[in-house]
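Colleague: Pasting start_33.pdb below, which is PDB, C-alpha atoms.
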```
ATOM      1  CA  MET A   1      72.829  70.491  16.879
ATOM      2  CA  THR A   2      70.662  70.443  20.009
ATOM      3  CA  ALA A   3      69.474  73.929  20.972
ATOM      4  CA  ILE A   4      67.494  72.983  24.102
ATOM      5  CA  LEU A   5      68.264  70.001  26.328
ATOM      6  CA  VAL A   6      66.180  69.142  29.404
ATOM      7  CA  ASN A   7      67.344  66.149  31.433
ATOM      8  CA  GLU A   8      65.325  64.882  34.431
ATOM      9  CA  LEU A   9      64.351  68.433  35.409
ATOM     10  CA  VAL A  10      62.846  68.863  38.882
ATOM     11  CA  LYS A  11      61.449  72.102  40.289
ATOM     12  CA  ARG A  12      59.843  72.450  43.720
ATOM     13  CA  TYR A  13      58.009  75.221  45.512
ATOM     14  CA  GLY A  14      58.265  74.225  49.154
ATOM     15  CA  ALA A  15      56.762  70.749  49.452
ATOM     16  CA  PHE A  16      55.032  71.028  46.061
ATOM     17  CA  GLU A  17      56.856  69.426  43.145
ATOM     18  CA  ALA A  18      55.799  71.424  40.078
ATOM     19  CA  VAL A  19      58.098  69.619  37.609
ATOM     20  CA  LYS A  20      58.909  65.944  38.158
ATOM     21  CA  GLY A  21      61.838  64.580  36.176
ATOM     22  CA  VAL A  22      60.966  66.089  32.785
ATOM     23  CA  SER A  23      63.239  65.303  29.818
ATOM     24  CA  PHE A  24      63.141  66.417  26.175
ATOM     25  CA  GLU A  25      65.395  67.998  23.582
ATOM     26  CA  VAL A  26      64.836  70.422  20.728
ATOM     27  CA  PRO A  27      67.105  70.545  17.655
ATOM     28  CA  ALA A  28      68.262  73.911  16.375
ATOM     29  CA  GLY A  29      65.739  75.566  14.062
ATOM     30  CA  GLN A  30      62.785  73.445  15.204
ATOM     31  CA  ILE A  31      59.420  74.642  16.531
ATOM     32  CA  PHE A  32      58.598  72.524  19.593
ATOM     33  CA  ALA A  33      55.239  72.624  21.418
ATOM     34  CA  LEU A  34      55.049  72.027  25.168
ATOM     35  CA  LEU A  35      51.393  71.316  25.947
ATOM     36  CA  GLY A  36      49.141  70.524  28.884
ATOM     37  CA  ARG A  37      46.327  71.896  30.974
ATOM     38  CA  ASN A  38      46.723  74.760  33.458
ATOM     39  CA  GLY A  39      49.077  73.806  36.276
ATOM     40  CA  ALA A  40      50.793  71.047  34.294
ATOM     41  CA  GLY A  41      54.239  72.611  34.773
ATOM     42  CA  LYS A  42      54.757  74.156  31.338
ATOM     43  CA  THR A  43      55.388  77.741  32.425
ATOM     44  CA  THR A  44      57.687  76.634  35.240
ATOM     45  CA  THR A  45      59.726  74.616  32.743
ATOM     46  CA  VAL A  46      60.008  77.627  30.430
ATOM     47  CA  GLU A  47      61.031  79.875  33.339
ATOM     48  CA  VAL A  48      63.824  77.455  34.250
ATOM     49  CA  LEU A  49      65.021  77.352  30.638
ATOM     50  CA  ALA A  50      64.968  81.149  30.470
ATOM     51  CA  GLY A  51      67.033  81.417  33.652
ATOM     52  CA  PHE A  52      64.270  82.942  35.793
ATOM     53  CA  GLN A  53      64.130  79.878  38.062
ATOM     54  CA  ARG A  54      66.876  77.623  39.394
ATOM     55  CA  PRO A  55      66.279  73.863  38.966
ATOM     56  CA  ASP A  56      66.100  71.718  42.102
ATOM     57  CA  GLY A  57      67.194  68.598  40.260
ATOM     58  CA  GLY A  58      68.347  67.445  36.850
ATOM     59  CA  SER A  59      69.818  69.848  34.332
ATOM     60  CA  VAL A  60      68.910  72.110  31.431
ATOM     61  CA  ARG A  61      71.050  73.541  28.662
ATOM     62  CA  VAL A  62      70.182  76.249  26.154
ATOM     63  CA  LEU A  63      72.601  76.510  23.233
ATOM     64  CA  GLY A  64      74.958  74.395  25.332
ATOM     65  CA  LEU A  65      74.881  76.884  28.224
ATOM     66  CA  ASP A  66      73.519  76.728  31.763
ATOM     67  CA  PRO A  67      70.751  79.397  31.953
ATOM     68  CA  VAL A  68      71.660  80.170  35.589
ATOM     69  CA  ALA A  69      75.461  79.955  35.609
ATOM     70  CA  ASP A  70      75.737  81.511  32.146
ATOM     71  CA  ARG A  71      72.770  83.854  32.499
ATOM     72  CA  ALA A  72      74.276  86.844  30.671
ATOM     73  CA  ALA A  73      75.364  84.760  27.675
ATOM     74  CA  VAL A  74      71.994  82.988  27.480
ATOM     75  CA  ARG A  75      70.035  86.256  27.739
ATOM     76  CA  GLN A  76      71.951  87.719  24.794
ATOM     77  CA  ARG A  77      70.911  84.827  22.547
ATOM     78  CA  THR A  78      67.337  84.179  23.669
ATOM     79  CA  GLY A  79      63.991  85.961  23.485
ATOM     80  CA  VAL A  80      61.227  85.387  26.015
ATOM     81  CA  MET A  81      57.511  86.065  25.725
ATOM     82  CA  LEU A  82      55.881  85.103  29.016
ATOM     83  CA  GLN A  83      52.152  85.077  29.752
ATOM     84  CA  GLU A  84      52.314  88.423  31.526
ATOM     85  CA  ALA A  85      54.714  91.294  30.948
ATOM     86  CA  GLY A  86      55.125  94.478  32.952
ATOM     87  CA  PHE A  87      54.554  97.528  30.766
ATOM     88  CA  PHE A  88      54.446 101.194  31.705
ATOM     89  CA  PRO A  89      50.851 102.011  30.742
ATOM     90  CA  ASP A  90      51.465 105.676  29.880
ATOM     91  CA  LEU A  91      54.322 105.029  27.456
ATOM     92  CA  THR A  92      53.483 104.704  23.792
ATOM     93  CA  VAL A  93      54.215 101.527  21.895
ATOM     94  CA  ALA A  94      57.197 103.193  20.210
ATOM     95  CA  GLN A  95      58.550 104.479  23.546
ATOM     96  CA  THR A  96      58.200 101.007  25.057
ATOM     97  CA  VAL A  97      60.206  99.443  22.248
ATOM     98  CA  ASP A  98      62.850 102.168  22.490
ATOM     99  CA  THR A  99      63.164 101.581  26.239
ATOM    100  CA  TRP A 100      63.635  97.847  25.685
ATOM    101  CA  ARG A 101      66.189  98.525  22.935
ATOM    102  CA  ASP A 102      68.378 100.333  25.475
ATOM    103  CA  PHE A 103      68.773  97.037  27.361
ATOM    104  CA  THR A 104      69.272  94.856  24.260
ATOM    105  CA  SER A 105      72.566  94.088  22.562
ATOM    106  CA  ALA A 106      72.517  94.949  18.820
ATOM    107  CA  PRO A 107      68.720  95.332  18.727
ATOM    108  CA  ARG A 108      66.527  95.396  15.659
ATOM    109  CA  PRO A 109      65.423  98.858  14.529
ATOM    110  CA  ARG A 110      62.187  99.907  16.201
ATOM    111  CA  GLU A 111      60.278  99.976  12.896
ATOM    112  CA  GLU A 112      61.367  96.454  12.006
ATOM    113  CA  ALA A 113      60.254  95.058  15.374
ATOM    114  CA  LEU A 114      56.876  96.798  15.150
ATOM    115  CA  GLU A 115      56.320  95.592  11.602
ATOM    116  CA  LEU A 116      57.132  91.998  12.553
ATOM    117  CA  ALA A 117      54.536  92.165  15.328
ATOM    118  CA  GLY A 118      51.931  93.972  13.218
ATOM    119  CA  LEU A 119      52.000  97.090  15.411
ATOM    120  CA  LYS A 120      53.386  99.709  13.025
ATOM    121  CA  GLU A 121      50.115 101.632  12.997
ATOM    122  CA  LYS A 122      49.981 101.576  16.807
ATOM    123  CA  ALA A 123      53.395 103.189  17.357
ATOM    124  CA  ALA A 124      51.911 106.375  18.863
ATOM    125  CA  THR A 125      49.255 104.573  20.942
ATOM    126  CA  ARG A 126      49.697 104.414  24.706
ATOM    127  CA  VAL A 127      50.045 100.905  26.113
ATOM    128  CA  ARG A 128      46.983 101.303  28.362
ATOM    129  CA  GLN A 129      44.880 101.844  25.222
ATOM    130  CA  LEU A 130      45.909  98.563  23.614
ATOM    131  CA  SER A 131      43.632  95.540  23.541
ATOM    132  CA  GLY A 132      44.749  92.308  25.193
ATOM    133  CA  GLY A 133      45.741  90.870  21.827
ATOM    134  CA  GLU A 134      47.699  94.007  20.895
ATOM    135  CA  LYS A 135      49.619  93.797  24.171
ATOM    136  CA  ARG A 136      50.577  90.230  23.258
ATOM    137  CA  ARG A 137      51.871  91.509  19.925
ATOM    138  CA  LEU A 138      53.920  94.110  21.795
ATOM    139  CA  ASP A 139      55.307  91.281  23.946
ATOM    140  CA  LEU A 140      56.324  89.554  20.723
ATOM    141  CA  ALA A 141      58.021  92.669  19.346
ATOM    142  CA  LEU A 142      60.109  92.958  22.511
ATOM    143  CA  ALA A 143      61.020  89.250  22.486
ATOM    144  CA  LEU A 144      62.319  89.595  18.915
ATOM    145  CA  LEU A 145      64.398  92.734  19.460
ATOM    146  CA  GLY A 146      67.678  90.879  19.977
ATOM    147  CA  ARG A 147      67.327  88.553  16.957
ATOM    148  CA  PRO A 148      67.304  85.534  19.289
ATOM    149  CA  ASP A 149      68.725  82.120  18.417
ATOM    150  CA  VAL A 150      66.154  80.585  20.792
ATOM    151  CA  LEU A 151      62.681  82.026  21.340
ATOM    152  CA  PHE A 152      60.403  81.026  24.234
ATOM    153  CA  LEU A 153      56.723  81.754  23.546
ATOM    154  CA  ASP A 154      54.281  81.187  26.415
ATOM    155  CA  GLU A 155      50.681  81.448  25.117
ATOM    156  CA  PRO A 156      51.771  83.897  22.394
ATOM    157  CA  THR A 157      48.411  84.439  20.681
ATOM    158  CA  ALA A 158      46.113  84.580  23.719
ATOM    159  CA  GLY A 159      43.576  87.351  23.193
ATOM    160  CA  MET A 160      44.445  87.907  19.533
ATOM    161  CA  ASP A 161      41.779  88.087  16.854
ATOM    162  CA  PRO A 162      41.906  85.389  14.123
ATOM    163  CA  ARG A 163      43.755  87.594  11.605
ATOM    164  CA  ALA A 164      46.439  88.612  14.108
ATOM    165  CA  ARG A 165      46.815  84.990  15.191
ATOM    166  CA  VAL A 166      47.426  83.797  11.628
ATOM    167  CA  ASP A 167      49.881  86.664  11.033
ATOM    168  CA  THR A 168      51.760  85.709  14.197
ATOM    169  CA  TRP A 169      51.935  82.087  13.046
ATOM    170  CA  GLU A 170      53.615  83.230   9.840
ATOM    171  CA  VAL A 171      56.144  85.315  11.791
ATOM    172  CA  VAL A 172      57.018  82.263  13.900
ATOM    173  CA  ARG A 173      57.356  80.051  10.809
ATOM    174  CA  GLU A 174      59.629  82.581   9.127
ATOM    175  CA  LEU A 175      61.832  82.797  12.217
ATOM    176  CA  ALA A 176      62.196  79.009  12.201
ATOM    177  CA  ARG A 177      63.023  79.057   8.483
ATOM    178  CA  GLN A 178      65.811  81.503   9.330
ATOM    179  CA  GLY A 179      67.193  79.110  11.967
ATOM    180  CA  THR A 180      65.577  80.309  15.196
ATOM    181  CA  THR A 181      64.607  77.550  17.627
ATOM    182  CA  VAL A 182      61.124  78.107  19.089
ATOM    183  CA  LEU A 183      59.681  76.538  22.224
ATOM    184  CA  LEU A 184      55.938  77.197  22.253
ATOM    185  CA  THR A 185      53.337  76.643  24.949
ATOM    186  CA  THR A 186      49.705  77.127  23.965
ATOM    187  CA  HIS A 187      46.189  76.010  24.812
ATOM    188  CA  TYR A 188      45.232  76.358  21.144
ATOM    189  CA  LEU A 189      45.872  72.799  19.951
ATOM    190  CA  GLU A 190      45.289  73.793  16.325
ATOM    191  CA  GLU A 191      48.064  76.371  16.734
ATOM    192  CA  ALA A 192      50.480  73.743  18.032
ATOM    193  CA  GLN A 193      49.558  71.301  15.268
ATOM    194  CA  ARG A 194      50.043  73.906  12.549
ATOM    195  CA  LEU A 195      53.352  75.223  13.834
ATOM    196  CA  ALA A 196      55.273  72.539  15.689
ATOM    197  CA  ALA A 197      57.420  69.765  14.243
ATOM    198  CA  ALA A 198      57.487  67.962  17.601
ATOM    199  CA  MET A 199      55.688  68.162  20.928
ATOM    200  CA  ALA A 200      55.487  66.968  24.522
ATOM    201  CA  ILE A 201      52.342  66.895  26.661
ATOM    202  CA  MET A 202      52.767  67.519  30.378
ATOM    203  CA  ASP A 203      50.412  66.653  33.210
ATOM    204  CA  GLU A 204      50.981  67.171  36.930
ATOM    205  CA  GLY A 205      54.621  68.025  36.288
ATOM    206  CA  ALA A 206      55.490  65.027  34.109
ATOM    207  CA  VAL A 207      55.658  64.330  30.372
ATOM    208  CA  VAL A 208      52.870  61.907  29.465
ATOM    209  CA  ALA A 209      53.227  61.891  25.655
ATOM    210  CA  ALA A 210      55.925  63.091  23.271
ATOM    211  CA  GLY A 211      57.197  62.706  19.720
ATOM    212  CA  GLY A 212      57.325  64.165  16.245
ATOM    213  CA  MET A 213      54.030  65.831  15.359
ATOM    214  CA  ALA A 214      53.484  64.206  11.944
ATOM    215  CA  GLU A 215      54.642  60.759  13.063
ATOM    216  CA  THR A 216      52.546  60.860  16.236
ATOM    217  CA  LEU A 217      49.361  61.928  14.466
ATOM    218  CA  ALA A 218      49.917  59.399  11.675
ATOM    219  CA  GLY A 219      49.736  56.653  14.289
ATOM    220  CA  LEU A 220      46.327  57.772  15.553
ATOM    221  CA  ARG A 221      42.916  56.771  14.276
ATOM    222  CA  GLY A 222      40.806  59.191  12.254
ATOM    223  CA  ARG A 223      37.230  60.212  13.021
ATOM    224  CA  VAL A 224      33.882  59.924  11.258
ATOM    225  CA  ALA A 225      30.984  61.671  12.988
ATOM    226  CA  PHE A 226      27.304  62.103  12.058
ATOM    227  CA  ARG A 227      23.896  62.464  13.624
ATOM    228  CA  LEU A 228      22.329  59.088  14.237
ATOM    229  CA  PRO A 229      19.183  58.720  12.066
ATOM    230  CA  ALA A 230      15.868  58.435  13.888
ATOM    231  CA  GLY A 231      15.047  54.877  14.865
ATOM    232  CA  VAL A 232      18.636  53.657  14.320
ATOM    233  CA  ARG A 233      20.583  52.207  17.243
ATOM    234  CA  PRO A 234      24.387  52.169  17.388
ATOM    235  CA  ASP A 235      24.315  48.368  17.177
ATOM    236  CA  ASP A 236      22.488  48.605  13.830
ATOM    237  CA  LEU A 237      25.464  50.270  12.144
ATOM    238  CA  PRO A 238      28.036  48.275  10.162
ATOM    239  CA  LEU A 239      30.947  49.737  12.151
ATOM    240  CA  PRO A 240      31.415  50.276  15.889
ATOM    241  CA  VAL A 241      30.523  53.774  17.085
ATOM    242  CA  SER A 242      30.388  55.653  20.339
ATOM    243  CA  LEU A 243      27.852  58.345  21.188
ATOM    244  CA  ASP A 244      28.924  61.930  21.870
ATOM    245  CA  GLY A 245      25.687  63.726  22.651
ATOM    246  CA  GLU A 246      23.635  63.591  19.444
ATOM    247  CA  LEU A 247      26.624  62.454  17.378
ATOM    248  CA  ALA A 248      27.685  58.929  16.517
ATOM    249  CA  VAL A 249      31.490  58.789  16.332
ATOM    250  CA  CYS A 250      33.444  56.091  14.538
ATOM    251  CA  ARG A 251      37.233  55.888  15.028
ATOM    252  CA  ALA A 252      39.067  54.278  12.107
ATOM    253  CA  ASP A 253      42.575  53.879  10.698
ATOM    254  CA  ASP A 254      41.146  54.874   7.302
ATOM    255  CA  PRO A 255      38.334  57.375   7.968
ATOM    256  CA  ASP A 256      37.552  57.800   4.255
ATOM    257  CA  LEU A 257      36.932  54.068   3.869
ATOM    258  CA  ALA A 258      34.862  54.019   7.048
ATOM    259  CA  ALA A 259      32.729  56.905   5.755
ATOM    260  CA  GLN A 260      32.193  55.102   2.452
ATOM    261  CA  THR A 261      31.077  51.953   4.297
ATOM    262  CA  LEU A 262      28.631  53.932   6.423
ATOM    263  CA  LEU A 263      27.233  55.879   3.477
ATOM    264  CA  THR A 264      26.732  52.705   1.440
ATOM    265  CA  TRP A 265      24.925  51.126   4.377
ATOM    266  CA  ALA A 266      22.703  54.210   4.824
ATOM    267  CA  ALA A 267      21.912  54.502   1.089
ATOM    268  CA  GLY A 268      20.789  50.868   0.992
ATOM    269  CA  ARG A 269      18.213  51.690   3.671
ATOM    270  CA  GLY A 270      17.129  55.078   2.340
ATOM    271  CA  LEU A 271      18.716  56.872   5.279
ATOM    272  CA  ARG A 272      20.717  60.110   5.453
ATOM    273  CA  LEU A 273      23.738  60.606   7.700
ATOM    274  CA  ALA A 274      23.213  64.279   8.540
ATOM    275  CA  GLY A 275      26.176  66.417   9.572
ATOM    276  CA  LEU A 276      28.694  63.880   8.295
ATOM    277  CA  GLU A 277      32.267  64.895   9.196
ATOM    278  CA  VAL A 278      35.328  62.950   8.094
ATOM    279  CA  ARG A 279      38.813  63.897   9.253
ATOM    280  CA  THR A 280      42.205  62.449   9.990
ATOM    281  CA  ALA A 281      43.520  62.463  13.541
ATOM    282  CA  THR A 282      44.287  65.795  15.206
ATOM    283  CA  LEU A 283      46.301  66.833  18.223
ATOM    284  CA  GLU A 284      43.009  67.317  20.053
ATOM    285  CA  ASP A 285      42.250  63.609  19.527
ATOM    286  CA  LEU A 286      45.605  62.683  21.062
ATOM    287  CA  PHE A 287      45.018  64.995  23.997
ATOM    288  CA  LEU A 288      41.501  63.688  24.652
ATOM    289  CA  ASP A 289      42.565  60.053  24.286
ATOM    290  CA  LEU A 290      45.089  60.350  27.104
ATOM    291  CA  PRO A 291      43.957  58.838  30.412
ATOM    292  CA  ARG A 292      41.986  61.325  32.502
ATOM    293  CA  SER A 293      44.814  61.434  35.058
ATOM    294  CA  ALA A 294      47.057  62.702  32.257
ATOM    295  CA  ARG A 295      44.852  65.618  31.224
TER     296      ARG A 295
END
```
Please, can you express the file's structure as C-alpha cells?
Modeller:
Amino acid sequence: MTAILVNELVKRYGAFEAVKGVSFEVPAGQIFALLGRNGAGKTTTVEVLAGFQRPDGGSVRVLGLDPVADRAAVRQRTGVMLQEAGFFPDLTVAQTVDTWRDFTSAPRPREEALELAGLKEKAATRVRQLSGGEKRRLDLALALLGRPDVLFLDEPTAGMDPRARVDTWEVVRELARQGTTVLLTTHYLEEAQRLAAAMAIMDEGAVVAAGGMAETLAGLRGRVAFRLPAGVRPDDLPLPVSLDGELAVCRADDPDLAAQTLLTWAAGRGLRLAGLEVRTATLEDLFLDLPRSAR
C-alpha cells in the first residue's frame, strides 16, 4: 500500500516556483528521507503534504486522501514536527502536552508521550527553560500524541546532543516497525542513511536523485584516503587519486582491495600511508558527487 503519493507537485510563491514538478511515493511503514540544501523545497513539500499549503499544480495523496479537501481526516491520521513550533513559554512541559491532548482525537497518555520523547524528567520544567534540543523533543512528543499512521519529521534532531539524537533514532525505528510511515527531512546525512530505506534529493525545487538507500549506495564507489608521503607525487601511486587538501583520495568499487594494493606498494618502498581510512560509499559521497548545480 502507498501511504504518500506525490505526482508532479508544483508550488509557487508569486513568481517564484519553490517546487517544480516533484514526484515520489512512499510505501506504508517505510522511513523515507527527503534531502537537499537550504531552499531546495523540502519544507514546502512537507507543508503541502501536511495540508498547510495548497498545491499550484500536480497532486498529492496521504493515505489515499487529499490533504486539503480531506484536511480533517488527514489531520486525524498524521503527526507533524515542523522546524519551528509555537509554544507558550510559561507553560510547563506537562501542561503543554495536556493542552495539545485536548485537540487530539484518542491521544496517548501524557506520561507515554513524554517517555517516548525522553522528557519524563522535564515534565515540571517551563518551556522557556528548555534547551533547543529539548524543545525539539517536545515537538516530537506532540507529533506522536495521536498515534499517527504517517509522521512528517522536518529536521527532528536539530540541536539535540548525541545521546538524545540516538534515542530519537530508536523511537523513529520502533514507530516504523509498528507500521508508521515516516517522511524525514534532515541535514544530518548520517541520520538519513541510518534511518531511511529510500530517499530523494531535491535541489532548486526539483528531485535530482532518488532510489532505495541500500541499492543506491551499493552502486557507488568506496573511498580510500591517506596523507601523501613526503616526496611522493600522485602520479607515483599505483592507483589514480585526487587531492583533498593534505589527503590523497582514491575512489574504488572495492575499497578494501584498493587499500591492499596501496599498502603493498608503500611497503615495497619503505613508506607509511599515515591516516589511512577505508570505507564503503556513504550518502555524503552521493550528495557531494552530484553536479554543483544540484547541490
Colleague: Considering only C-alpha atoms, can you say which of A:Val207, A:Val150, A:Leu65, A:Ala266 comes closest to A:Leu183?
Modeller: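 Closest candidate: A:Val150.
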Colleague: I need the output of the PyMOL selection byres ((chain A and resi 151) around 8) for this file as a list in words; which residues are they?
Modeller: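 Those residues are Thr78, Gly79, Val80, Met81, Ala143, Leu144, Pro148, Asp149, Val150, Phe152, Leu153, Thr180, Thr181, Val182 and Leu183 of chain A.
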Colleague: Using the chain letters and numbers from this file, what does the PyMOL selection byres ((chain A and resi 254) around 9) select? Give the answer as a list of chain:residue names.
Modeller: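 Checked against the file, the PyMOL selection byres ((chain A and resi 254) around 9) matches A:Arg221, A:Gly222, A:Arg223, A:Arg251, A:Ala252, A:Asp253, A:Pro255, A:Asp256, A:Leu257, A:Ala258, A:Ala259, A:Thr280.
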Colleague: Can you work out which one of A:Thr186, A:Ser242, A:Thr216, A:Gln260 has the shortest atom-to-atom distance to A:Gly36, counting all atoms listed in the file?
Modeller: A:Thr186
Colleague: Grab the atom CA of A:Arg272 to atom CA of A:Asp285 distance for me, in Å with one decimal place.
Modeller: 26.0 Å
Colleague: Report, in Å with one decimal, the straight-line distance from atom CA of A:Leu283 to atom CA of A:Thr44.
Modeller: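 Answer for the atom CA of A:Leu283 to atom CA of A:Thr44 separation: 22.7 Å.
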Colleague: So which one's closest to A:Leu35, A:Leu49, A:Ala158, A:Ala198, A:Val10? Using all atoms listed in the file, please.
Modeller: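 Going through A:Leu49, A:Ala158, A:Ala198, A:Val10 one by one, the smallest distance to A:Leu35 is for A:Ala198.
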Colleague: Got a sec to resolve the PyMOL selection byres ((chain A and resi 159) around 7) on this structure and send the residues as a list in words?
Modeller: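 Selected by the PyMOL selection byres ((chain A and resi 159) around 7) here: Gly132, Gly133, Thr157, Ala158, Met160 and Asp161 of chain A.
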Colleague: What's the 10 Å shell around A:Gly51, counting only C-alpha atoms, without same-chain residues fewer than 6 positions away, as a list in words?
Modeller: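 Non-adjacent residues within range: Val60, Val62, Asp66, Pro67, Val68, Ala69, Asp70, Arg71, Ala72, Val74 and Arg75 of chain A.
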Colleague: Would you kindly return, as a tab-separated table (two decimals) with C-alpha atoms, in the frame of the given file, each protein, DNA or RNA residue with an atom no farther than 9 Å from any atom of A:Arg126, considering only C-alpha atoms and excluding same-chain residues fewer than 6 positions away?
Modeller:
```tsv
chain	number	residue	atom	x	y	z
A	89	PRO	CA	50.85	102.01	30.74
A	90	ASP	CA	51.46	105.68	29.88
A	91	LEU	CA	54.32	105.03	27.46
A	92	THR	CA	53.48	104.70	23.79
A	93	VAL	CA	54.22	101.53	21.90
A	94	ALA	CA	57.20	103.19	20.21
A	95	GLN	CA	58.55	104.48	23.55
```
Colleague: Any idea what's packed within 8 Å of A:Val172, counting all atoms listed in the file, ignoring anything in its chain fewer than 4 positions away? Could you give it as JSON, numbers by chain?
Modeller: {"A": [168, 176, 182, 195]}
Colleague: Nearest to A:Gln129 among A:Phe103, A:Trp265, A:Phe87, A:Phe287, with distances taken over only C-alpha atoms: which residue is it?
Modeller: A:Phe87
Colleague: Leaving out A:Pro238 and any residue of its chain fewer than 3 positions from it, which residues lie within 8 Å of it when counting all atoms listed in the file, given as number ranges by chain?
Modeller: A: 235, 261-262, 265
Colleague: Using only C-alpha atoms, determine which residues lie at most 12 Å from A:Glu170, disregarding the query and same-chain residues fewer than 6 positions distant; provide the list as number ranges by chain.
Modeller: A: 116-118, 163-164, 176-177, 191, 194-195
Colleague: Can you tell me, as an mmCIF file with C-alpha atoms, keeping the file's coordinate frame, which residues sit within 9 Å of (65.5, 94.3, 26.3) in the file's frame, using all atoms listed in the file?
Modeller:
```cif
data_model
loop_
_atom_site.group_PDB
_atom_site.id
_atom_site.type_symbol
_atom_site.label_atom_id
_atom_site.label_comp_id
_atom_site.auth_asym_id
_atom_site.auth_seq_id
_atom_site.Cartn_x
_atom_site.Cartn_y
_atom_site.Cartn_z
ATOM 1 C CA GLY A 79 63.991 85.961 23.485
ATOM 2 C CA VAL A 97 60.206 99.443 22.248
ATOM 3 C CA THR A 99 63.164 101.581 26.239
ATOM 4 C CA TRP A 100 63.635 97.847 25.685
ATOM 5 C CA ARG A 101 66.189 98.525 22.935
ATOM 6 C CA ASP A 102 68.378 100.333 25.475
ATOM 7 C CA PHE A 103 68.773 97.037 27.361
ATOM 8 C CA THR A 104 69.272 94.856 24.260
ATOM 9 C CA SER A 105 72.566 94.088 22.562
ATOM 10 C CA PRO A 107 68.720 95.332 18.727
ATOM 11 C CA LEU A 142 60.109 92.958 22.511
ATOM 12 C CA ALA A 143 61.020 89.250 22.486
ATOM 13 C CA LEU A 145 64.398 92.734 19.460
ATOM 14 C CA GLY A 146 67.678 90.879 19.977
#
```
Colleague: For a quick check of understanding, using all atoms listed in the file, which of A:Thr45, A:Ser23, A:Thr96, A:Gln30 has the smallest distance to A:Leu82?
Modeller: A:Thr45
Colleague: Around the point (48.0, 74.0, 23.7) (coordinates from the file), which residues reach within 12 Å if we count all atoms listed in the file? Answer as a PyMOL selection string.
Modeller: chain A and resi 32-38+40+42+153-158+184-196+199-202+283-284+286-287+295
Colleague: Nearest to A:Thr264 among A:Leu220, A:Leu290, A:Leu237, A:Val278, with distances taken over only C-alpha atoms: which residue is it?
Modeller: A:Leu237
Colleague: Please determine an axis-aligned box that encloses all atoms of stretch 167-180 of chain A listed in the file, with 8 Å added on each side, and express its centre and edge lengths in Å to one decimal as lines of an AutoDock Vina configuration file.
Modeller:
```
center_x = 58.5
center_y = 82.8
center_z = 11.8
size_x = 33.3
size_y = 23.7
size_z = 22.7
```
